[in-house]
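Student: Sharing a structure with you now.
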Amino acid sequence: VTTISPNEVVVLQFFGKYSGTVINNGLVFINPLMSQEFISTKIDNFSNKPIKVNDKRGNPLELSCMFAWRVSDAAKAMFSVEDYDEFIKNQVEGILAQIASIHPYDSEESNEISFRKNISDISQNLKEMLQKRVQECGLEIVDVRFNHFAYAVEIAASMLKKQQAEAMIDARRKI
């Protein structure tokens with residue numbers, strides 16, 4: 001007899017063979033010969049440290065994001081990867097570098113998606129790409145938000161001067 005809490009499931013194995021997943025919470029009788037692995041299905045969140053990547057134009061950026069995720073299929077999560085918690089955190093860094101290489105930090109073109117103008121669209125794209133990568137491991141991405149995006153320290157001052165010059169040119173065009 002075992003107790004299963006809300007937002008928790010139990011993956012059962014009978015002598016190393018997968019026997020099923022108990023999703024009902026409360027007091028449950030489980031065959032004593034079965035091994036039990038309790039897995040939380042609560043939403044977990046993680047914020048990675050800023051990583052240095054290059055944007056579409058080769059400018060070095062510092063990016064980090066906060067993402068919320070949970071286990072959607074406990075059996076897949078348990079048997080697909082060694083440590084699904086570490087797996088999902090490693091996937092985020094790879095996807096961030098991939099997203100940065102697709103989009104520029106800033107763009108003068110009105111139809112080009114950039115970090116400064118379209119951060120919500122890029123966040124949605126990041127969520128979709130991450131979901132594709134972790135889906136087969138029984139994980140679900142609930143939400144993704146950028147919490148830091150900026151030019152890298154070594155070029156920040158020169159890029160600020162460039163932005164100020166472009167703003168001045170745009171203002172003169174309007175006048």
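We name chains A, B, ... following the order of the structure tokens; residues begin at 1 in each chain, and ligands are numbered from 1 as shown.
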Quick one: residues within 12 Å of Phe14 of chain A, only C-alpha atoms counted, chain neighbours fewer than 4 positions away excluded, as a PyMOL selection string?
Tutor: chain A and resi 18-21+30-37
Student: The selected residues should be written to file as a PDB file, in the first residue's frame (atoms: C-alpha atoms).
Tutor:
ATOM      1  CA  TYR A  18       7.643  -1.708 -17.671  1.00  0.00           C
ATOM      2  CA  SER A  19       4.253  -2.598 -16.170  1.00  0.00           C
ATOM      3  CA  GLY A  20       2.379   0.692 -16.217  1.00  0.00           C
ATOM      4  CA  THR A  21       1.946   4.115 -14.733  1.00  0.00           C
ATOM      5  CA  ILE A  30       0.786  -2.020  -5.597  1.00  0.00           C
ATOM      6  CA  ASN A  31       2.152  -5.537  -5.996  1.00  0.00           C
ATOM      7  CA  PRO A  32       5.140  -5.730  -3.606  1.00  0.00           C
ATOM      8  CA  LEU A  33       7.271  -7.428  -6.295  1.00  0.00           C
ATOM      9  CA  MET A  34       7.050  -4.315  -8.506  1.00  0.00           C
ATOM     10  CA  SER A  35       9.588  -1.568  -8.238  1.00  0.00           C
ATOM     11  CA  GLN A  36       8.162   1.931  -7.948  1.00  0.00           C
ATOM     12  CA  GLU A  37       9.539   5.226  -9.228  1.00  0.00           C
TER      13      GLU A  37
END
Student: So that I can see what lies close to Ile102 of chain A, please list as an MDAnalysis selection string the residues with an atom at most 10 Å from it, counting only C-alpha atoms and leaving out residues fewer than 5 positions away in the same chain.
Tutor: chainID A and resid 54:57 97 113:114 122
Student: Quick one: write out the picked residues with N, CA and C atoms as a short mmCIF file (atom, residue, chain, number, x, y, z; two decimals), in the first residue's frame?
Tutor:
data_model
loop_
_atom_site.label_atom_id
_atom_site.label_comp_id
_atom_site.auth_asym_id
_atom_site.auth_seq_id
_atom_site.Cartn_x
_atom_site.Cartn_y
_atom_site.Cartn_z
N ASN A 54 26.27 34.38 -31.18
CA ASN A 54 26.29 35.36 -32.27
C ASN A 54 24.93 35.43 -32.93
N ASP A 55 24.49 36.66 -33.23
CA ASP A 55 23.21 36.82 -33.91
C ASP A 55 23.38 36.58 -35.42
N LYS A 56 22.34 36.83 -36.17
CA LYS A 56 22.34 36.56 -37.61
C LYS A 56 23.46 37.33 -38.33
N ARG A 57 23.79 38.50 -37.84
CA ARG A 57 24.81 39.33 -38.48
C ARG A 57 26.20 39.14 -37.88
N ALA A 97 21.32 29.27 -28.98
CA ALA A 97 22.33 29.57 -30.00
C ALA A 97 21.74 29.47 -31.40
N ILE A 113 12.26 39.96 -38.66
CA ILE A 113 12.05 39.73 -37.23
C ILE A 113 13.37 39.91 -36.49
N SER A 114 13.36 40.77 -35.45
CA SER A 114 14.57 41.03 -34.67
C SER A 114 14.25 40.94 -33.18
N ILE A 122 9.80 35.67 -31.18
CA ILE A 122 11.00 34.84 -31.04
C ILE A 122 10.85 33.90 -29.84
#
Student: Please run DSSP on the backbone and report, as a VMD selection string, all residues within segment 35-142 of chain A that come out as alpha helix (DSSP H).
Tutor: chain A and resid 74 to 80 84 to 102 119 to 134
Student: Among segment 91-160 of chain A, which ones does DSSP assign to strand (DSSP E or B) (computed from the backbone)? Answer as an MDAnalysis selection string.
Tutor: chainID A and resid 139:151
Student: Could those residues be written to a file, using N, CA and C atoms, as a PDB file, in the first residue's frame?
Tutor:
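So again.pdb came out as:
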ATOM      1  N   LEU A 139       8.366  15.236 -22.059  1.00  0.00           N
ATOM      2  CA  LEU A 139       8.379  16.523 -21.378  1.00  0.00           C
ATOM      3  C   LEU A 139       7.557  17.539 -22.158  1.00  0.00           C
ATOM      4  N   GLU A 140       7.002  18.507 -21.444  1.00  0.00           N
ATOM      5  CA  GLU A 140       6.181  19.538 -22.067  1.00  0.00           C
ATOM      6  C   GLU A 140       6.695  20.906 -21.654  1.00  0.00           C
ATOM      7  N   ILE A 141       6.866  21.789 -22.610  1.00  0.00           N
ATOM      8  CA  ILE A 141       7.282  23.165 -22.339  1.00  0.00           C
ATOM      9  C   ILE A 141       6.018  23.983 -22.141  1.00  0.00           C
ATOM     10  N   VAL A 142       5.874  24.577 -20.968  1.00  0.00           N
ATOM     11  CA  VAL A 142       4.678  25.356 -20.648  1.00  0.00           C
ATOM     12  C   VAL A 142       4.833  26.798 -21.104  1.00  0.00           C
ATOM     13  N   ASP A 143       5.995  27.395 -20.843  1.00  0.00           N
ATOM     14  CA  ASP A 143       6.195  28.797 -21.196  1.00  0.00           C
ATOM     15  C   ASP A 143       7.684  29.089 -21.319  1.00  0.00           C
ATOM     16  N   VAL A 144       8.017  30.041 -22.179  1.00  0.00           N
ATOM     17  CA  VAL A 144       9.407  30.491 -22.342  1.00  0.00           C
ATOM     18  C   VAL A 144       9.396  32.010 -22.434  1.00  0.00           C
ATOM     19  N   ARG A 145      10.282  32.639 -21.680  1.00  0.00           N
ATOM     20  CA  ARG A 145      10.429  34.090 -21.710  1.00  0.00           C
ATOM     21  C   ARG A 145      11.920  34.436 -21.656  1.00  0.00           C
ATOM     22  N   PHE A 146      12.305  35.433 -22.447  1.00  0.00           N
ATOM     23  CA  PHE A 146      13.671  35.925 -22.358  1.00  0.00           C
ATOM     24  C   PHE A 146      13.767  36.821 -21.130  1.00  0.00           C
ATOM     25  N   ASN A 147      14.784  36.613 -20.308  1.00  0.00           N
ATOM     26  CA  ASN A 147      14.969  37.501 -19.168  1.00  0.00           C
ATOM     27  C   ASN A 147      16.248  38.331 -19.301  1.00  0.00           C
ATOM     28  N   HIS A 148      17.036  38.068 -20.328  1.00  0.00           N
ATOM     29  CA  HIS A 148      18.222  38.888 -20.585  1.00  0.00           C
ATOM     30  C   HIS A 148      18.597  38.747 -22.057  1.00  0.00           C
ATOM     31  N   PHE A 149      18.644  39.854 -22.745  1.00  0.00           N
ATOM     32  CA  PHE A 149      19.215  39.862 -24.093  1.00  0.00           C
ATOM     33  C   PHE A 149      19.850  41.225 -24.319  1.00  0.00           C
ATOM     34  N   ALA A 150      21.120  41.191 -24.636  1.00  0.00           N
ATOM     35  CA  ALA A 150      21.879  42.419 -24.831  1.00  0.00           C
ATOM     36  C   ALA A 150      23.104  42.104 -25.667  1.00  0.00           C
ATOM     37  N   TYR A 151      23.684  43.173 -26.203  1.00  0.00           N
ATOM     38  CA  TYR A 151      24.969  43.009 -26.877  1.00  0.00           C
ATOM     39  C   TYR A 151      26.002  42.604 -25.836  1.00  0.00           C
TER      40      TYR A 151
END
Student: Which is closer to Ser123 of chain A than all the others in A:Ser72, A:Glu108, A:Glu166, A:Phe67, using only C-alpha atoms?
Tutor: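 For Ser123 of chain A, the nearest of the given residues is A:Phe67.
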Student: Please determine, counting only C-alpha atoms, which residue among A:Glu8, A:Glu86, A:Asp106, A:Asp73 has the shortest atom-to-atom distance to Phe46 of chain A.
Tutor: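 Closest to Phe46 of chain A, using only C-alpha atoms: A:Glu86.
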Student: Measuring between only C-alpha atoms, which one of A:Lys132, A:Phe15, A:Leu27, A:Ala165 shows the shortest distance to Thr2 of chain A?
Tutor: A:Leu27
